[in-house]
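Visitor: My structure is in query_3.cif, and what it holds is mmCIF, C-alpha atoms and all ligand atoms:
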```cif
data_coords
#
loop_
_atom_site.group_PDB
_atom_site.id
_atom_site.type_symbol
_atom_site.label_atom_id
_atom_site.label_comp_id
_atom_site.auth_asym_id
_atom_site.auth_seq_id
_atom_site.Cartn_x
_atom_site.Cartn_y
_atom_site.Cartn_z
ATOM 1 C CA MET A 1 -20.550 4.099 -17.823
ATOM 2 C CA ASP A 2 -20.992 0.322 -17.708
ATOM 3 C CA ARG A 3 -19.793 -0.390 -14.183
ATOM 4 C CA ASP A 4 -19.623 -4.174 -14.686
ATOM 5 C CA ALA A 5 -17.414 -3.735 -17.760
ATOM 6 C CA PHE A 6 -15.166 -1.324 -15.848
ATOM 7 C CA ASP A 7 -14.819 -3.795 -12.949
ATOM 8 C CA SER A 8 -14.113 -6.647 -15.369
ATOM 9 C CA LEU A 9 -11.411 -4.621 -17.147
ATOM 10 C CA MET A 10 -9.749 -3.703 -13.852
ATOM 11 C CA SER A 11 -9.768 -7.249 -12.530
ATOM 12 C CA SER A 12 -8.300 -8.545 -15.822
ATOM 13 C CA LEU A 13 -5.286 -6.310 -15.179
ATOM 14 C CA ASP A 14 -4.677 -8.409 -12.035
ATOM 15 C CA PRO A 15 -2.399 -5.840 -10.347
ATOM 16 C CA PRO A 16 0.504 -6.828 -8.101
ATOM 17 C CA MET A 17 -0.029 -6.177 -4.413
ATOM 18 C CA VAL A 18 2.131 -4.072 -2.090
ATOM 19 C CA VAL A 19 2.116 -3.199 1.593
ATOM 20 C CA VAL A 20 2.537 0.517 2.256
ATOM 21 C CA THR A 21 3.901 1.482 5.683
ATOM 22 C CA ALA A 22 4.298 4.825 7.426
ATOM 23 C CA ALA A 23 5.468 6.205 10.773
ATOM 24 C CA ALA A 24 4.680 9.623 12.254
ATOM 25 C CA GLY A 25 4.285 11.075 15.744
ATOM 26 C CA GLY A 26 5.235 7.786 17.397
ATOM 27 C CA GLU A 27 2.571 5.836 15.463
ATOM 28 C CA ARG A 28 3.092 3.128 12.845
ATOM 29 C CA ALA A 29 0.588 2.060 10.223
ATOM 30 C CA GLY A 30 0.447 -0.071 7.122
ATOM 31 C CA CYS A 31 -2.074 -1.494 4.691
ATOM 32 C CA LEU A 32 -2.351 -3.686 1.614
ATOM 33 C CA VAL A 33 -2.531 -1.611 -1.591
ATOM 34 C CA GLY A 34 -3.471 -2.588 -5.133
ATOM 35 C CA PHE A 35 -3.654 0.945 -6.583
ATOM 36 C CA HIS A 36 -0.029 1.861 -7.348
ATOM 37 C CA ALA A 37 2.406 2.227 -10.261
ATOM 38 C CA GLN A 38 5.540 3.947 -11.548
ATOM 39 C CA SER A 39 4.387 7.276 -12.963
ATOM 40 C CA SER A 40 7.532 9.009 -14.326
ATOM 41 C CA ILE A 41 10.913 7.896 -15.666
ATOM 42 C CA GLY A 42 13.061 11.014 -15.335
ATOM 43 C CA PRO A 43 12.797 11.978 -12.556
ATOM 44 C CA ALA A 44 11.541 8.666 -11.209
ATOM 45 C CA ARG A 45 8.119 8.903 -9.597
ATOM 46 C CA TYR A 46 5.881 6.311 -7.947
ATOM 47 C CA CYS A 47 2.161 6.793 -7.361
ATOM 48 C CA LEU A 48 -0.032 5.064 -4.843
ATOM 49 C CA TRP A 49 -3.607 5.602 -3.734
ATOM 50 C CA LEU A 50 -4.680 5.359 -0.106
ATOM 51 C CA SER A 51 -8.273 4.865 0.991
ATOM 52 C CA GLN A 52 -9.382 7.751 3.172
ATOM 53 C CA ALA A 53 -11.154 5.197 5.377
ATOM 54 C CA ASN A 54 -7.853 3.574 6.372
ATOM 55 C CA ARG A 55 -5.859 4.370 9.477
ATOM 56 C CA THR A 56 -2.798 4.231 7.232
ATOM 57 C CA HIS A 57 -4.183 7.251 5.352
ATOM 58 C CA ALA A 58 -4.000 9.447 8.475
ATOM 59 C CA VAL A 59 -0.481 8.352 9.439
ATOM 60 C CA ALA A 60 0.852 8.467 5.856
ATOM 61 C CA LEU A 61 -0.309 12.042 5.367
ATOM 62 C CA ARG A 62 1.764 13.090 8.378
ATOM 63 C CA ALA A 63 4.850 11.013 7.455
ATOM 64 C CA THR A 64 7.793 12.461 5.524
ATOM 65 C CA HIS A 65 8.482 9.119 3.807
ATOM 66 C CA LEU A 66 6.623 5.858 3.103
ATOM 67 C CA GLY A 67 7.695 2.241 2.742
ATOM 68 C CA VAL A 68 6.427 0.271 -0.278
ATOM 69 C CA HIS A 69 6.851 -3.518 0.013
ATOM 70 C CA LEU A 70 6.387 -5.491 -3.212
ATOM 71 C CA LEU A 71 4.833 -8.806 -2.208
ATOM 72 C CA SER A 72 5.739 -12.065 -3.908
ATOM 73 C CA GLN A 73 4.073 -15.462 -4.180
ATOM 74 C CA GLY A 74 4.263 -16.846 -0.650
ATOM 75 C CA ASP A 75 3.393 -13.539 1.040
ATOM 76 C CA HIS A 76 -0.334 -14.288 1.306
ATOM 77 C CA ARG A 77 -0.273 -14.236 5.120
ATOM 78 C CA LEU A 78 1.341 -10.796 5.130
ATOM 79 C CA ALA A 79 -1.270 -9.569 2.650
ATOM 80 C CA GLU A 80 -3.989 -10.839 4.972
ATOM 81 C CA ARG A 81 -2.372 -9.272 8.036
ATOM 82 C CA PHE A 82 -2.158 -5.827 6.402
ATOM 83 C CA GLY A 83 -5.309 -6.001 4.278
ATOM 84 C CA ALA A 84 -7.967 -7.799 6.291
ATOM 85 C CA VAL A 85 -7.806 -5.943 9.599
ATOM 86 C CA SER A 86 -7.352 -2.306 10.602
ATOM 87 C CA GLY A 87 -4.700 -0.794 12.824
ATOM 88 C CA ASP A 88 -7.700 0.799 14.542
ATOM 89 C CA ASP A 89 -8.291 -2.598 16.152
ATOM 90 C CA VAL A 90 -4.955 -4.485 16.259
ATOM 91 C CA ASP A 91 -1.199 -3.853 16.186
ATOM 92 C CA LYS A 92 -0.368 -5.280 12.752
ATOM 93 C CA PHE A 93 3.351 -5.022 13.431
ATOM 94 C CA ALA A 94 3.245 -7.190 16.609
ATOM 95 C CA GLY A 95 5.537 -10.199 16.246
ATOM 96 C CA LEU A 96 6.982 -8.998 12.930
ATOM 97 C CA ASP A 97 10.637 -8.169 12.392
ATOM 98 C CA VAL A 98 10.537 -4.463 11.483
ATOM 99 C CA VAL A 99 13.696 -2.492 10.725
ATOM 100 C CA ASP A 100 14.220 1.264 10.481
ATOM 101 C CA GLY A 101 14.498 1.996 6.770
ATOM 102 C CA PRO A 102 15.747 5.258 5.230
ATOM 103 C CA HIS A 103 14.248 8.334 6.941
ATOM 104 C CA GLY A 104 12.660 6.078 9.564
ATOM 105 C CA VAL A 105 10.241 4.219 7.269
ATOM 106 C CA PRO A 106 9.122 0.918 8.835
ATOM 107 C CA TRP A 107 10.606 -1.767 6.596
ATOM 108 C CA LEU A 108 9.276 -5.317 6.958
ATOM 109 C CA ALA A 109 12.349 -7.561 7.184
ATOM 110 C CA ALA A 110 10.442 -10.453 5.580
ATOM 111 C CA VAL A 111 9.980 -8.539 2.300
ATOM 112 C CA PRO A 112 13.302 -8.000 0.467
ATOM 113 C CA HIS A 113 11.721 -6.145 -2.498
ATOM 114 C CA ARG A 114 10.997 -2.632 -1.258
ATOM 115 C CA LEU A 115 11.149 1.107 -1.763
ATOM 116 C CA ALA A 116 11.345 4.139 0.465
ATOM 117 C CA VAL A 117 9.524 7.041 -1.166
ATOM 118 C CA ARG A 118 9.077 10.739 -0.375
ATOM 119 C CA PRO A 119 5.620 12.145 -1.147
ATOM 120 C CA VAL A 120 5.880 15.221 -3.395
ATOM 121 C CA ALA A 121 2.204 15.806 -4.254
ATOM 122 C CA LEU A 122 -1.222 14.696 -3.058
ATOM 123 C CA ILE A 123 -4.309 14.320 -5.234
ATOM 124 C CA ASP A 124 -7.731 14.660 -3.619
ATOM 125 C CA ASP A 125 -10.295 14.712 -6.426
ATOM 126 C CA ASP A 126 -13.423 13.851 -4.401
ATOM 127 C CA GLY A 127 -12.731 10.134 -4.915
ATOM 128 C CA ASP A 128 -12.563 7.890 -1.849
ATOM 129 C CA HIS A 129 -8.762 7.452 -2.214
ATOM 130 C CA THR A 130 -6.026 10.102 -1.916
ATOM 131 C CA GLY A 131 -3.343 9.938 -4.599
ATOM 132 C CA VAL A 132 0.251 10.179 -3.410
ATOM 133 C CA VAL A 133 2.852 11.065 -6.042
ATOM 134 C CA ALA A 134 6.237 10.196 -4.586
ATOM 135 C CA GLU A 135 9.953 10.314 -5.306
ATOM 136 C CA PRO A 136 11.695 6.964 -4.730
ATOM 137 C CA VAL A 137 14.679 7.658 -2.441
ATOM 138 C CA ALA A 138 15.816 4.054 -1.857
ATOM 139 C CA ALA A 139 15.221 0.685 -3.515
ATOM 140 C CA GLU A 140 16.265 -2.817 -2.517
ATOM 141 C CA THR A 141 15.634 -6.203 -4.107
ATOM 142 C CA ALA A 142 16.805 -9.773 -3.820
ATOM 143 C CA GLY A 143 16.361 -10.162 -7.600
ATOM 144 C CA ARG A 144 13.471 -10.927 -9.897
ATOM 145 C CA PHE A 145 10.360 -12.312 -8.248
ATOM 146 C CA ARG A 146 6.830 -13.446 -9.040
ATOM 147 C CA PRO A 147 4.428 -10.848 -7.629
ATOM 148 C CA LEU A 148 1.490 -11.708 -5.405
ATOM 149 C CA ARG A 149 -1.464 -10.526 -7.474
ATOM 150 C CA LEU A 150 -5.022 -9.427 -6.836
ATOM 151 C CA SER A 151 -6.277 -12.831 -7.991
ATOM 152 C CA ASP A 152 -4.102 -14.471 -5.307
ATOM 153 C CA VAL A 153 -5.859 -12.528 -2.534
ATOM 154 C CA ASP A 154 -9.466 -12.751 -3.690
ATOM 155 C CA ASP A 155 -10.223 -14.488 -0.383
ATOM 156 C CA VAL A 156 -9.101 -11.402 1.602
ATOM 157 C CA THR A 157 -11.823 -8.917 2.600
ATOM 158 C CA ALA A 158 -10.573 -5.375 3.259
ATOM 159 C CA GLY A 159 -10.431 -4.302 6.921
ATOM 160 C CA HIS A 160 -12.093 -1.014 5.989
ATOM 161 C CA ASP A 161 -14.710 -0.474 3.294
ATOM 162 C CA ALA A 162 -13.825 2.493 1.088
ATOM 163 C CA ASP A 163 -17.054 4.184 2.193
ATOM 164 C CA ASP A 164 -16.261 3.924 5.923
ATOM 165 C CA PRO A 165 -15.846 7.349 7.622
ATOM 166 C CA PRO A 166 -12.600 9.051 6.581
ATOM 167 C CA HIS A 167 -9.348 9.017 8.621
ATOM 168 C CA ARG A 168 -7.800 12.448 8.035
HETATM 169 C C1 LIG A 201 -7.230 -6.863 -2.474
HETATM 170 C C2 LIG A 201 -7.188 -5.582 -1.676
HETATM 171 C C3 LIG A 201 -6.713 -4.413 -2.274
HETATM 172 C C4 LIG A 201 -6.669 -3.213 -1.557
HETATM 173 N N1 LIG A 201 -6.205 -2.072 -2.165
HETATM 174 C C5 LIG A 201 -6.114 -0.930 -1.446
HETATM 175 C C6 LIG A 201 -5.571 0.250 -2.034
HETATM 176 O O1 LIG A 201 -5.190 0.285 -3.206
HETATM 177 N N2 LIG A 201 -5.462 1.355 -1.245
HETATM 178 C C7 LIG A 201 -5.863 1.360 0.062
HETATM 179 O O2 LIG A 201 -5.706 2.377 0.742
HETATM 180 N N3 LIG A 201 -6.407 0.259 0.640
HETATM 181 C C8 LIG A 201 -6.538 -0.868 -0.077
HETATM 182 N N4 LIG A 201 -7.070 -1.987 0.495
HETATM 183 C C9 LIG A 201 -7.700 -1.898 1.820
HETATM 184 C C10 LIG A 201 -6.780 -1.913 3.038
HETATM 185 O O3 LIG A 201 -5.629 -2.710 2.839
HETATM 186 C C11 LIG A 201 -7.568 -2.451 4.251
HETATM 187 O O4 LIG A 201 -8.796 -1.780 4.397
HETATM 188 C C12 LIG A 201 -6.769 -2.377 5.550
HETATM 189 O O5 LIG A 201 -7.365 -3.250 6.496
HETATM 190 C C13 LIG A 201 -6.696 -0.976 6.133
HETATM 191 O O6 LIG A 201 -5.896 -0.997 7.300
HETATM 192 P P1 LIG A 201 -5.645 0.301 8.190
HETATM 193 O O7 LIG A 201 -6.974 0.835 8.640
HETATM 194 O O8 LIG A 201 -4.808 -0.213 9.327
HETATM 195 O O9 LIG A 201 -4.901 1.274 7.343
HETATM 196 C C14 LIG A 201 -7.099 -3.191 -0.201
HETATM 197 C C15 LIG A 201 -7.547 -4.379 0.406
HETATM 198 C C16 LIG A 201 -7.603 -5.554 -0.325
HETATM 199 C C17 LIG A 201 -8.088 -6.808 0.366
#
```
Written as structure tokens, how would this file's structure read?

Guide:
Amino acid sequence: MDRDAFDSLMSSLDPPMVVVTAAAGGERAGCLVGFHAQSSIGPARYCLWLSQANRTHAVALRATHLGVHLLSQGDHRLAERFGAVSGDDVDKFAGLDVVDGPHGVPWLAAVPHRLAVRPVALIDDDGDHTGVVAEPVAAETAGRFRPLRLSDVDDVTAGHDADDPPHR
């Protein structure tokens, strides 16, 4: 496989960015995610892929529900907050207005475009990310918006490399 061609194809897709949040056992976590998409129409399903190196991975696997925040142009600082540092080192939620969403998912008040989803299957195929297939249980939006895309955050370096030791 031509790895450069693969990387070029993926970056041309320029995916929209989301922040995935989770709460379990009194802990909160959240990270910036570019690997995600709708994956079924009837019933509705949403897939996202969490790096096993991330603290969010450990909390999300124990949570009954997850929050998915669809970032728009203007959310670069939020993307940086959730993507460039790890909850291992800082409280990413400090100073943010966080509300209790459906089933206790941490919902970021600053992001009006959001889902609450219930994981129904996990995919661990020896890759460095775990796939989460989820049922959307709630959706909110303030209307159409222009997504914050991968190309808008090319100055953000991930808080954890995908080959860091896993958080299980
Ligand atoms: C552009 C970009 C895209 C990312 N995409 C994903 C992703 O799809 N899945 C994931 O788990 N982490 C992804 N990350 C990495 C995490 O957001 C990052 O390592 C974060 O600091 C982890 O925080 P945590 O340890 O508190 O969970 C991405 C980071 C960046 C900068």

Visitor: Check which residues satisfy the PyMOL selection byres (((chain A and resi 70) around 12) and not hetatm) in the file shown, then give them as an NGL selection string.

Guide: :A and (15-21 or 32-34 or 36-37 or 67-69 or 71-76 or 78-79 or 107-108 or 110-116 or 139-149)

Visitor: For ligand LIG 201 (chain A), collect every residue having any atom at a distance of at most 7 Å from a ligand atom (counting all atoms listed in the file); output as number ranges by chain.

Guide: A: 29-36, 49-57, 82-88, 129, 150, 153-154, 156-161

Visitor: Figure out the distance between CA of Arg28 (chain A) and CA of Asp97 (chain A), please, to one decimal in Å.

Guide: 13.6 Å

Visitor: Using only C-alpha atoms, pick whichever of A:Leu122, A:Val98, A:Ala162, A:Ala138 has the shortest atom-to-atom distance to Ala60 (chain A).

Guide: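 Selected residue with least distance to Ala60 (chain A): A:Leu122.
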
Visitor: What's the separation between CA of Pro119 (chain A) and CA of Val99 (chain A), in Å to one decimal place?

Guide: 20.5 Å

Visitor: Run through the PyMOL selection byres (((chain A and resi 43) around 12) and not hetatm) on the given coordinates and return the selected residues as JSON, numbers by chain.

Guide: {"A": [38, 39, 40, 41, 42, 44, 45, 46, 120, 133, 134, 135, 136, 137]}

Visitor: I'd like the interatomic distance between CA of Pro165 (chain A) and CA of Met10 (chain A), to a tenth of an Å.

Guide: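 These atoms are spaced 24.9 Å apart.
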
Visitor: Considering all atoms listed in the file, can you say which of A:Asp89, A:Asp100, A:Asp2, A:Glu80 comes closest to Ala23 (chain A)?

Guide: A:Asp100

Visitor: Which is closest to Ser12 (chain A) among A:Val90, A:Ser151, A:Val105, A:Arg77, if we use only C-alpha atoms?

Guide: A:Ser151

Visitor: When the PyMOL selection byres (((chain A and resi 62) around 9) and not hetatm) is applied to the file above, which residues end up in the set, as a PyMOL selection string?

Guide: chain A and resi 22-25+57-61+63-64

Visitor: Let me know the centre plus edge lengths, in Å and rounded to one decimal, of a box with edges along x, y and z that contains all listed atoms of region 31-44 of chain A and is padded by 8 Å on every side, as lines of an AutoDock Vina configuration file.

Guide:
```
center_x = 4.7
center_y = 4.1
center_z = -5.5
size_x = 32.7
size_y = 31.7
size_z = 36.4
```

Visitor: Between A:Asp14, A:Glu27, A:Asp164, A:Asp7, single out the one closest to Phe93 (chain A), counting all atoms listed in the file.

Guide: A:Glu27
